[in-house]
$ cat my_file25.txt   # compact mmCIF, C-alpha atoms
# COMPACT_ATOMS: atom_id res chain seq x y z
CA MET I 1 0.00 0.00 0.00
CA LEU I 2 1.30 3.46 -0.86
CA GLU I 3 2.23 5.88 1.91
CA THR I 4 -0.18 8.78 2.36
CA SER I 5 1.98 11.45 0.63
CA ALA I 6 2.77 9.22 -2.33
CA ARG I 7 -0.88 8.22 -2.56
CA LEU I 8 -1.98 11.86 -2.67
CA LEU I 9 0.38 12.54 -5.57
CA ARG I 10 -0.92 9.47 -7.34
CA LEU I 11 -4.50 10.67 -6.75
CA LEU I 12 -3.67 14.08 -8.26
CA SER I 13 -2.12 12.35 -11.26
CA LEU I 14 -5.31 10.36 -11.82
CA PHE I 15 -7.43 13.52 -11.62
CA GLN I 16 -5.23 15.14 -14.26
CA ALA I 17 -5.40 12.14 -16.57
CA ARG I 18 -9.21 11.97 -16.66
CA ARG I 19 -11.99 14.37 -15.78
CA ASP I 20 -14.42 12.13 -13.84
CA TRP I 21 -13.75 9.20 -11.50
CA THR I 22 -15.99 7.08 -9.30
CA SER I 23 -14.90 6.22 -5.77
CA THR I 24 -14.69 2.54 -6.72
CA GLU I 25 -12.41 3.27 -9.69
CA LEU I 26 -10.07 5.41 -7.60
CA ALA I 27 -9.95 2.83 -4.83
CA ALA I 28 -9.03 0.10 -7.32
CA ARG I 29 -6.27 2.21 -8.86
CA LEU I 30 -4.79 3.15 -5.48
CA GLY I 31 -5.26 -0.24 -3.85
CA VAL I 32 -7.27 1.19 -0.93
CA THR I 33 -10.87 1.31 0.26
CA THR I 34 -13.43 3.88 -0.82
CA ARG I 35 -13.31 5.26 2.71
CA THR I 36 -9.57 5.94 2.31
CA VAL I 37 -10.31 7.67 -1.01
CA ARG I 38 -12.84 9.88 0.76
CA ASN I 39 -10.28 10.73 3.45
CA ASP I 40 -7.59 11.50 0.82
CA VAL I 41 -9.98 13.81 -1.00
CA GLY I 42 -10.49 15.63 2.29
CA ARG I 43 -6.71 15.98 2.67
CA LEU I 44 -6.42 17.48 -0.82
CA ARG I 45 -9.15 19.97 -0.01
CA ALA I 46 -7.34 20.93 3.19
CA LEU I 47 -4.25 21.66 1.06
CA GLY I 48 -6.25 24.04 -1.13
CA TYR I 49 -7.24 21.79 -4.04
CA LEU I 50 -10.81 22.13 -5.22
CA VAL I 51 -12.21 18.60 -5.61
CA ASP I 52 -15.86 18.44 -6.63
CA ALA I 53 -17.99 15.51 -5.44
CA ARG I 54 -21.07 14.08 -7.14
CA PRO I 55 -23.52 12.19 -4.86
CA GLY I 56 -25.42 9.03 -5.73
CA VAL I 57 -24.64 5.55 -7.01
CA ALA I 58 -22.97 6.91 -10.16
CA GLY I 59 -21.30 9.72 -8.25
CA GLY I 60 -17.62 10.36 -7.89
CA TYR I 61 -15.00 13.08 -7.97
CA ARG I 62 -13.37 15.54 -10.34
CA LEU I 63 -10.62 18.11 -9.88
CA GLY I 64 -12.26 21.53 -10.04
CA SER I 65 -10.88 24.87 -11.10
CA ASN I 66 -10.07 28.00 -9.07
CA GLY I 67 -8.14 26.01 -6.48
CA ALA I 68 -4.41 25.82 -5.90
CA LEU I 69 -2.32 24.80 -8.90
CA PRO I 70 -1.66 21.06 -8.56
CA PRO I 71 1.78 19.64 -9.33
CA LEU I 72 2.12 18.33 -12.86
CA LEU I 73 3.34 14.75 -13.09
CA LEU I 74 5.11 14.37 -16.43
CA ASP I 75 6.86 11.47 -18.10
CA ASP I 76 10.29 11.99 -19.73
CA ASP I 77 9.05 12.95 -23.18
CA GLU I 78 6.41 15.30 -21.76
CA ALA I 79 8.98 17.06 -19.56
CA VAL I 80 11.34 17.60 -22.50
CA ALA I 81 8.47 18.85 -24.69
CA VAL I 82 7.43 21.38 -22.00
CA ALA I 83 11.02 22.60 -21.60
CA ILE I 84 11.50 23.06 -25.34
CA GLY I 85 8.11 24.76 -25.62
CA LEU I 86 9.02 27.25 -22.89
CA ARG I 87 12.33 27.96 -24.59
CA THR I 88 10.55 28.64 -27.89
CA ALA I 89 7.90 30.80 -26.22
CA ALA I 90 10.62 33.13 -24.94
CA SER I 91 10.99 34.51 -28.48
CA GLY I 92 7.51 33.80 -29.80
CA SER I 93 4.60 35.85 -31.07
CA ILE I 94 2.77 36.32 -27.74
CA ALA I 95 3.69 39.58 -26.03
CA GLY I 96 4.67 39.69 -22.39
CA ILE I 97 5.41 36.02 -21.71
CA GLU I 98 9.11 35.96 -22.59
CA GLU I 99 10.37 36.59 -19.04
CA THR I 100 7.66 34.37 -17.54
CA SER I 101 8.65 31.54 -19.87
CA MET I 102 12.30 31.80 -18.87
CA ARG I 103 11.41 31.77 -15.15
CA ALA I 104 9.25 28.68 -15.61
CA LEU I 105 12.01 27.01 -17.62
CA ALA I 106 14.55 27.72 -14.87
CA LYS I 107 12.26 26.10 -12.27
CA LEU I 108 11.71 23.07 -14.47
CA GLN I 109 15.42 22.57 -15.13
CA GLN I 110 16.13 22.51 -11.39
CA VAL I 111 14.06 19.35 -10.95
CA LEU I 112 14.87 17.58 -14.23
CA PRO I 113 16.92 14.39 -13.90
CA ALA I 114 20.41 14.55 -15.42
CA ARG I 115 19.40 12.44 -18.42
CA LEU I 116 16.65 14.92 -19.32
CA ARG I 117 18.75 18.02 -18.64
CA HIS I 118 21.23 16.68 -21.19
CA ARG I 119 18.52 16.39 -23.84
CA VAL I 120 17.17 19.90 -23.17
CA SER I 121 20.68 21.42 -23.06
CA ALA I 122 21.47 19.91 -26.45
CA PHE I 123 18.44 21.60 -27.94
CA GLN I 124 19.26 24.95 -26.32
CA SER I 125 22.89 24.81 -27.46
CA TYR I 126 22.32 24.04 -31.11
CA ALA I 127 18.82 25.37 -31.92
CA LEU I 128 18.55 29.15 -32.25
CA PRO I 129 14.93 30.35 -32.37
CA MET I 130 14.36 33.34 -34.64
CA PRO I 131 12.74 36.33 -32.93
CA SER I 132 9.18 36.89 -34.06
CA ARG I 133 8.99 39.42 -36.91
CA GLY I 134 5.22 39.65 -36.87
CA SER I 135 3.01 41.72 -34.61
CA GLN I 136 2.70 40.33 -31.10
CA VAL I 137 -0.63 39.65 -29.44
CA ASP I 138 -1.60 40.23 -25.82
CA PRO I 139 -1.91 36.83 -24.04
CA ASP I 140 -5.06 38.09 -22.28
CA VAL I 141 -6.67 38.60 -25.69
CA LEU I 142 -5.85 35.03 -26.68
CA THR I 143 -7.29 33.78 -23.39
CA VAL I 144 -10.58 35.62 -23.94
CA ILE I 145 -10.85 34.31 -27.51
CA ALA I 146 -9.95 30.73 -26.60
CA SER I 147 -12.46 30.74 -23.73
CA ALA I 148 -15.22 32.01 -26.01
CA CYS I 149 -14.37 29.27 -28.53
CA ARG I 150 -14.48 26.62 -25.81
CA ASP I 151 -17.72 27.82 -24.21
CA HIS I 152 -19.51 28.61 -27.52
CA GLU I 153 -20.09 32.24 -26.51
CA ARG I 154 -20.49 35.07 -28.96
CA LEU I 155 -17.57 37.47 -29.09
CA ARG I 156 -17.83 41.22 -29.61
CA PHE I 157 -14.69 43.19 -30.43
CA ASP I 158 -13.27 46.30 -32.04
CA TYR I 159 -11.25 45.42 -35.11
CA ARG I 160 -8.70 47.27 -37.21
CA ALA I 161 -8.60 45.94 -40.77
CA HIS I 162 -5.55 45.74 -43.05
CA SER I 163 -6.63 48.97 -44.73
CA GLY I 164 -6.62 50.77 -41.38
CA ALA I 165 -10.41 51.02 -41.17
CA ALA I 166 -11.80 50.41 -37.68
CA GLY I 167 -15.12 48.79 -36.87
CA ARG I 168 -17.00 46.64 -34.40
CA ARG I 169 -17.65 42.97 -35.10
CA SER I 170 -19.93 40.36 -33.58
CA VAL I 171 -18.98 36.75 -34.27
CA GLU I 172 -19.36 33.15 -33.26
CA PRO I 173 -15.73 32.12 -32.52
CA TYR I 174 -14.57 28.61 -33.42
CA ARG I 175 -10.80 28.20 -33.84
CA LEU I 176 -7.50 29.92 -33.10
CA VAL I 177 -4.82 29.19 -35.72
CA HIS I 178 -1.11 29.98 -35.39
CA ASP I 179 1.03 30.26 -38.53
CA ARG I 180 4.43 30.75 -36.74
CA ARG I 181 4.22 34.53 -37.13
CA ARG I 182 0.69 35.51 -36.15
CA TRP I 183 -2.48 34.24 -34.48
CA TYR I 184 -5.78 34.17 -36.38
CA LEU I 185 -9.38 33.71 -35.27
CA VAL I 186 -11.70 31.71 -37.52
CA ALA I 187 -15.29 32.75 -36.80
CA TRP I 188 -18.77 33.08 -38.24
CA ASP I 189 -19.39 36.80 -38.82
CA LEU I 190 -22.98 37.49 -37.75
CA ASP I 191 -23.22 40.78 -39.68
CA ARG I 192 -21.89 39.34 -42.94
CA ASP I 193 -23.48 35.91 -42.50
CA ASP I 194 -20.31 34.13 -43.60
CA TRP I 195 -17.02 32.68 -42.36
CA ARG I 196 -14.28 35.23 -41.72
CA THR I 197 -10.66 35.18 -40.51
CA PHE I 198 -9.37 37.88 -38.14
CA ARG I 199 -5.84 38.68 -37.00
CA ALA I 200 -5.78 38.34 -33.22
CA ASP I 201 -3.33 41.23 -32.73
CA ARG I 202 -5.94 43.57 -34.28
CA ILE I 203 -8.74 42.40 -31.96
CA GLU I 204 -9.80 44.36 -28.87
CA PRO I 205 -12.41 42.17 -27.13
CA ARG I 206 -15.41 43.70 -25.41
CA THR I 207 -16.31 41.93 -22.20
CA PRO I 208 -18.36 40.26 -21.01
CA THR I 209 -18.77 37.89 -23.91
CA GLY I 210 -22.18 37.47 -25.50
CA PRO I 211 -24.79 34.71 -25.16
CA ARG I 212 -24.09 31.08 -25.93
CA PHE I 213 -24.70 29.81 -29.44
CA THR I 214 -25.33 26.45 -31.07
CA PRO I 215 -22.12 25.47 -32.91
CA ARG I 216 -22.28 25.23 -36.69
CA GLU I 217 -20.81 22.33 -38.60
CA LEU I 218 -17.12 22.95 -39.15
CA PRO I 219 -14.95 21.80 -42.06
CA PRO I 220 -12.05 19.46 -41.19
CA ASP I 221 -9.12 21.05 -39.36
CA HIS I 222 -6.78 20.76 -42.36
CA GLU I 223 -9.25 22.75 -44.48
CA ILE I 224 -9.46 25.44 -41.81
CA THR I 225 -5.68 25.82 -41.62
CA ALA I 226 -5.41 25.84 -45.43
CA ARG I 227 -8.02 28.61 -45.59
CA VAL I 228 -6.14 30.68 -43.02
CA ALA I 229 -2.83 30.17 -44.83
CA ARG I 230 -4.42 31.19 -48.11
CA GLY I 231 -6.11 34.24 -46.61
CA ALA I 232 -2.95 35.34 -44.77
CA GLY I 233 -0.97 35.20 -48.01
CA GLU I 234 -3.58 36.98 -50.09
CA ALA I 235 -4.27 39.76 -47.60
CA THR I 236 -1.09 41.71 -48.39
CA TRP I 237 -0.67 41.00 -52.11
CA ARG I 238 -0.21 44.14 -54.21
CA TYR I 239 -0.99 42.49 -57.55
CA ARG I 240 -3.72 40.03 -58.41
CA ALA I 241 -4.54 38.18 -61.63
CA ARG I 242 -7.12 35.80 -63.02
CA VAL I 243 -5.40 32.95 -64.82
CA ILE I 244 -6.98 30.22 -66.92
CA VAL I 245 -4.73 27.18 -67.20
CA HIS I 246 -5.20 24.62 -69.96
CA ALA I 247 -4.68 21.64 -67.65
CA PRO I 248 -6.65 19.77 -64.97
CA ALA I 249 -7.09 21.49 -61.62
CA SER I 250 -5.18 18.71 -59.84
CA HIS I 251 -2.19 19.33 -62.13
CA VAL I 252 -2.09 22.99 -61.08
CA ARG I 253 -2.58 22.37 -57.35
CA ASP I 254 0.34 19.93 -57.29
CA ARG I 255 2.69 22.57 -58.71
CA LEU I 256 1.78 25.61 -56.61
CA PRO I 257 4.01 26.51 -53.63
CA ILE I 258 1.10 27.60 -51.39
CA PRO I 259 -2.55 26.51 -51.08
CA VAL I 260 -4.67 28.32 -53.70
CA ASP I 261 -8.32 27.90 -54.62
CA VAL I 262 -8.21 26.28 -58.08
CA ARG I 263 -11.64 25.83 -59.71
CA PRO I 264 -12.07 23.34 -62.58
CA LEU I 265 -13.63 24.57 -65.85
CA GLY I 266 -13.83 21.09 -67.31
CA GLU I 267 -11.53 18.10 -67.54
CA ASP I 268 -8.58 19.99 -69.08
CA ARG I 269 -9.12 23.62 -67.98
CA CYS I 270 -9.18 25.40 -64.63
CA VAL I 271 -9.01 28.93 -63.24
CA PHE I 272 -7.39 30.48 -60.18
CA GLU I 273 -6.51 33.97 -58.94
CA PRO I 274 -2.88 34.11 -57.78
CA GLY I 275 -1.23 37.18 -56.33
CA SER I 276 2.17 38.57 -55.46
CA ASP I 277 3.97 41.74 -54.46
CA HIS I 278 6.13 41.33 -57.56
CA PRO I 279 4.58 40.49 -60.96
CA GLU I 280 7.91 39.05 -62.14
CA MET I 281 7.83 36.45 -59.36
CA LEU I 282 4.26 35.54 -60.27
CA ALA I 283 5.30 35.19 -63.92
CA LEU I 284 8.09 32.80 -62.92
CA HIS I 285 5.70 30.58 -60.94
CA LEU I 286 3.25 30.46 -63.84
CA GLY I 287 6.08 29.38 -66.13
CA MET I 288 6.71 26.39 -63.87
CA LEU I 289 3.15 25.07 -64.17
CA GLU I 290 4.21 23.07 -67.25
CA ALA I 291 0.99 24.04 -69.02
CA ASP I 292 -0.33 26.79 -71.32
CA PHE I 293 -2.30 29.56 -69.65
CA THR I 294 -4.22 32.76 -70.38
CA VAL I 295 -4.02 35.90 -68.22
CA GLU I 296 -7.06 38.07 -67.59
CA ASP I 297 -7.36 41.49 -65.92
CA SER I 298 -3.71 41.96 -65.02
CA PRO I 299 -1.66 44.31 -67.24
CA GLU I 300 1.21 44.21 -64.72
CA LEU I 301 1.53 40.46 -65.09
CA VAL I 302 1.35 40.65 -68.88
CA ALA I 303 4.14 43.25 -68.86
CA ALA I 304 6.24 41.00 -66.60
CA LEU I 305 5.68 38.03 -68.94
CA ARG I 306 6.72 40.18 -71.92
CA THR I 307 9.91 41.30 -70.14
CA LEU I 308 10.85 37.74 -69.21
CA THR I 309 10.09 36.51 -72.73
CA THR I 310 12.42 39.13 -74.22
CA ARG I 311 15.16 38.29 -71.74
CA TYR I 312 14.86 34.54 -72.38
CA GLN I 313 14.87 35.09 -76.12
CA ARG I 314 18.13 37.05 -75.89
CA ALA I 315 19.66 34.18 -73.93
CA ILE I 316 18.49 31.69 -76.60
CA ASP I 317 19.84 33.85 -79.45
CA ALA I 318 23.20 34.16 -77.71
CA ALA I 319 23.38 30.39 -77.21
CA ASP I 320 22.63 29.77 -80.95
CA GLN I 321 25.52 31.90 -82.15
CA PRO I 322 28.73 30.12 -83.27
CA PRO I 323 31.57 30.00 -80.71
CA GLY I 324 33.75 33.12 -80.81
CA THR I 325 31.01 35.36 -82.20
CA PRO I 326 31.08 38.72 -80.35

$ encode --input "my_file25.txt" --output "structure tokens"
Amino acid sequence: MLETSARLLRLLSLFQARRDWTSTELAARLGVTTRTVRNDVGRLRALGYLVDARPGVAGGYRLGSNGALPPLLLDDDEAVAVAIGLRTAASGSIAGIEETSMRALAKLQQVLPARLRHRVSAFQSYALPMPSRGSQVDPDVLTVIASACRDHERLRFDYRAHSGAAGRRSVEPYRLVHDRRRWYLVAWDLDRDDWRTFRADRIEPRTPTGPRFTPRELPPDHEITARVARGAGEATWRYRARVIVHAPASHVRDRLPIPVDVRPLGEDRCVFEPGSDHPEMLALHLGMLEADFTVEDSPELVAALRTLTTRYQRAIDAADQPPGTP
């Protein structure tokens, strides 16, 4: 039988592993009686842990919130993952947690076994995280958004768009997506009656949050992240074009460097609307599609294609000349 202190730690570990437990289940796991479980729960409460009890035959216990922070019992891989995550967070895209992350990492390293300290030190010595170049977001803002997503509560906030225009939005929040530089909120915009993506660093939440809502059916997670990646890339493009490619849509998707909405126009034709800050770069990507294409509504791209064509033709003419020709 475990000693009382060890048993209490084991009981906390069980509460962290699963939300709800019956007295019988806990007693079987700990090798004690249900009466001992009841006494141990009382000891945890005396130490400041909030343990909720449910009466009845199907009743049991769960570790509540708003109590003292319980110790986290981690296996080796989990401990290394937490240490590396804290190290990365020190130079991440969330404002104000750099110093806190380093303090938490220092505490964790003090209690890591030597074998784990070696693994973490190797990462710290040879992996140099790049400082975030994107706008940082207040961690309190992320907490409000994540809580509204979890609790299915409407979110009201002031928002500053890419153009600089300010406005107030009312949404049903669903997902937070991180693209290594910025955080984005995927939500159903109640005023526009459609899905929208918002940069979290431009959101100023209004509290309290709104009433609860019935969640809508969401697309798969990979489609959500692809939509955010596509929207984040398109939001700052200076030049846009409509391009008809004389090839199947699957052929075009396989050769594009980023996710783009490619719509089929038949078995051997499709259309998409790429963009770029530099028309020459867009012209180069189109040339690597290995298919004929037609450009619509983009004189800048046509001019870039003409310039590249002239340059390539000069290179071909020079290569065709006999050796020694000036």

$ atom_distance --input "my_file25.txt" --atom1 "atom CA of I:Tyr312" --atom2 "atom CA of I:Arg269"
26.7 Å

$ residues_around --input "my_file25.txt" --residues "I:Ile145" --least-positions-apart "2" --cutoff "12 Å" --atoms "all atoms listed in the file" --output "ChimeraX atom specification"
/I:137-143,147-157,171-177,183-187,198-201,203-210

$ write_last_selection --input "my_file25.txt" --atoms "C-alpha atoms" --output "short mmCIF file (atom, residue, chain, number, x, y, z; two decimals), keeping the file's coordinate frame"
data_model
loop_
_atom_site.label_atom_id
_atom_site.label_comp_id
_atom_site.auth_asym_id
_atom_site.auth_seq_id
_atom_site.Cartn_x
_atom_site.Cartn_y
_atom_site.Cartn_z
CA VAL I 137 -0.63 39.65 -29.44
CA ASP I 138 -1.60 40.23 -25.82
CA PRO I 139 -1.91 36.83 -24.04
CA ASP I 140 -5.06 38.09 -22.28
CA VAL I 141 -6.67 38.60 -25.69
CA LEU I 142 -5.85 35.03 -26.68
CA THR I 143 -7.29 33.78 -23.39
CA SER I 147 -12.46 30.74 -23.73
CA ALA I 148 -15.22 32.01 -26.01
CA CYS I 149 -14.37 29.27 -28.53
CA ARG I 150 -14.48 26.62 -25.81
CA ASP I 151 -17.72 27.82 -24.21
CA HIS I 152 -19.51 28.61 -27.52
CA GLU I 153 -20.09 32.24 -26.51
CA ARG I 154 -20.49 35.07 -28.96
CA LEU I 155 -17.57 37.47 -29.09
CA ARG I 156 -17.83 41.22 -29.61
CA PHE I 157 -14.69 43.19 -30.43
CA VAL I 171 -18.98 36.75 -34.27
CA GLU I 172 -19.36 33.15 -33.26
CA PRO I 173 -15.73 32.12 -32.52
CA TYR I 174 -14.57 28.61 -33.42
CA ARG I 175 -10.80 28.20 -33.84
CA LEU I 176 -7.50 29.92 -33.10
CA VAL I 177 -4.82 29.19 -35.72
CA TRP I 183 -2.48 34.24 -34.48
CA TYR I 184 -5.78 34.17 -36.38
CA LEU I 185 -9.38 33.71 -35.27
CA VAL I 186 -11.70 31.71 -37.52
CA ALA I 187 -15.29 32.75 -36.80
CA PHE I 198 -9.37 37.88 -38.14
CA ARG I 199 -5.84 38.68 -37.00
CA ALA I 200 -5.78 38.34 -33.22
CA ASP I 201 -3.33 41.23 -32.73
CA ILE I 203 -8.74 42.40 -31.96
CA GLU I 204 -9.80 44.36 -28.87
CA PRO I 205 -12.41 42.17 -27.13
CA ARG I 206 -15.41 43.70 -25.41
CA THR I 207 -16.31 41.93 -22.20
CA PRO I 208 -18.36 40.26 -21.01
CA THR I 209 -18.77 37.89 -23.91
CA GLY I 210 -22.18 37.47 -25.50
#

$ closest_residue --input "my_file25.txt" --among "I:Glu78, I:Glu217, I:Glu300, I:Glu267" --to "I:Pro279" --atoms "all atoms listed in the file"
I:Glu300

$ atom_distance --input "my_file25.txt" --atom1 "atom CA of I:His246" --atom2 "atom CA of I:Ile316"
25.6 Å

$ atom_distance --input "my_file25.txt" --atom1 "atom CA of I:Asp221" --atom2 "atom CA of I:Leu74"
27.8 Å

$ residues_near_point --input "my_file25.txt" --point "(-6.4, 19.4, 2.0)" --cutoff "12 Å" --atoms "all atoms listed in the file" --output "list of chain:residue names"
I:Ser5, I:Leu8, I:Leu12, I:Arg38, I:Asn39, I:Asp40, I:Val41, I:Gly42, I:Arg43, I:Leu44, I:Arg45, I:Ala46, I:Leu47, I:Gly48, I:Tyr49, I:Leu50, I:Val51, I:Gly67, I:Ala68, I:Pro70
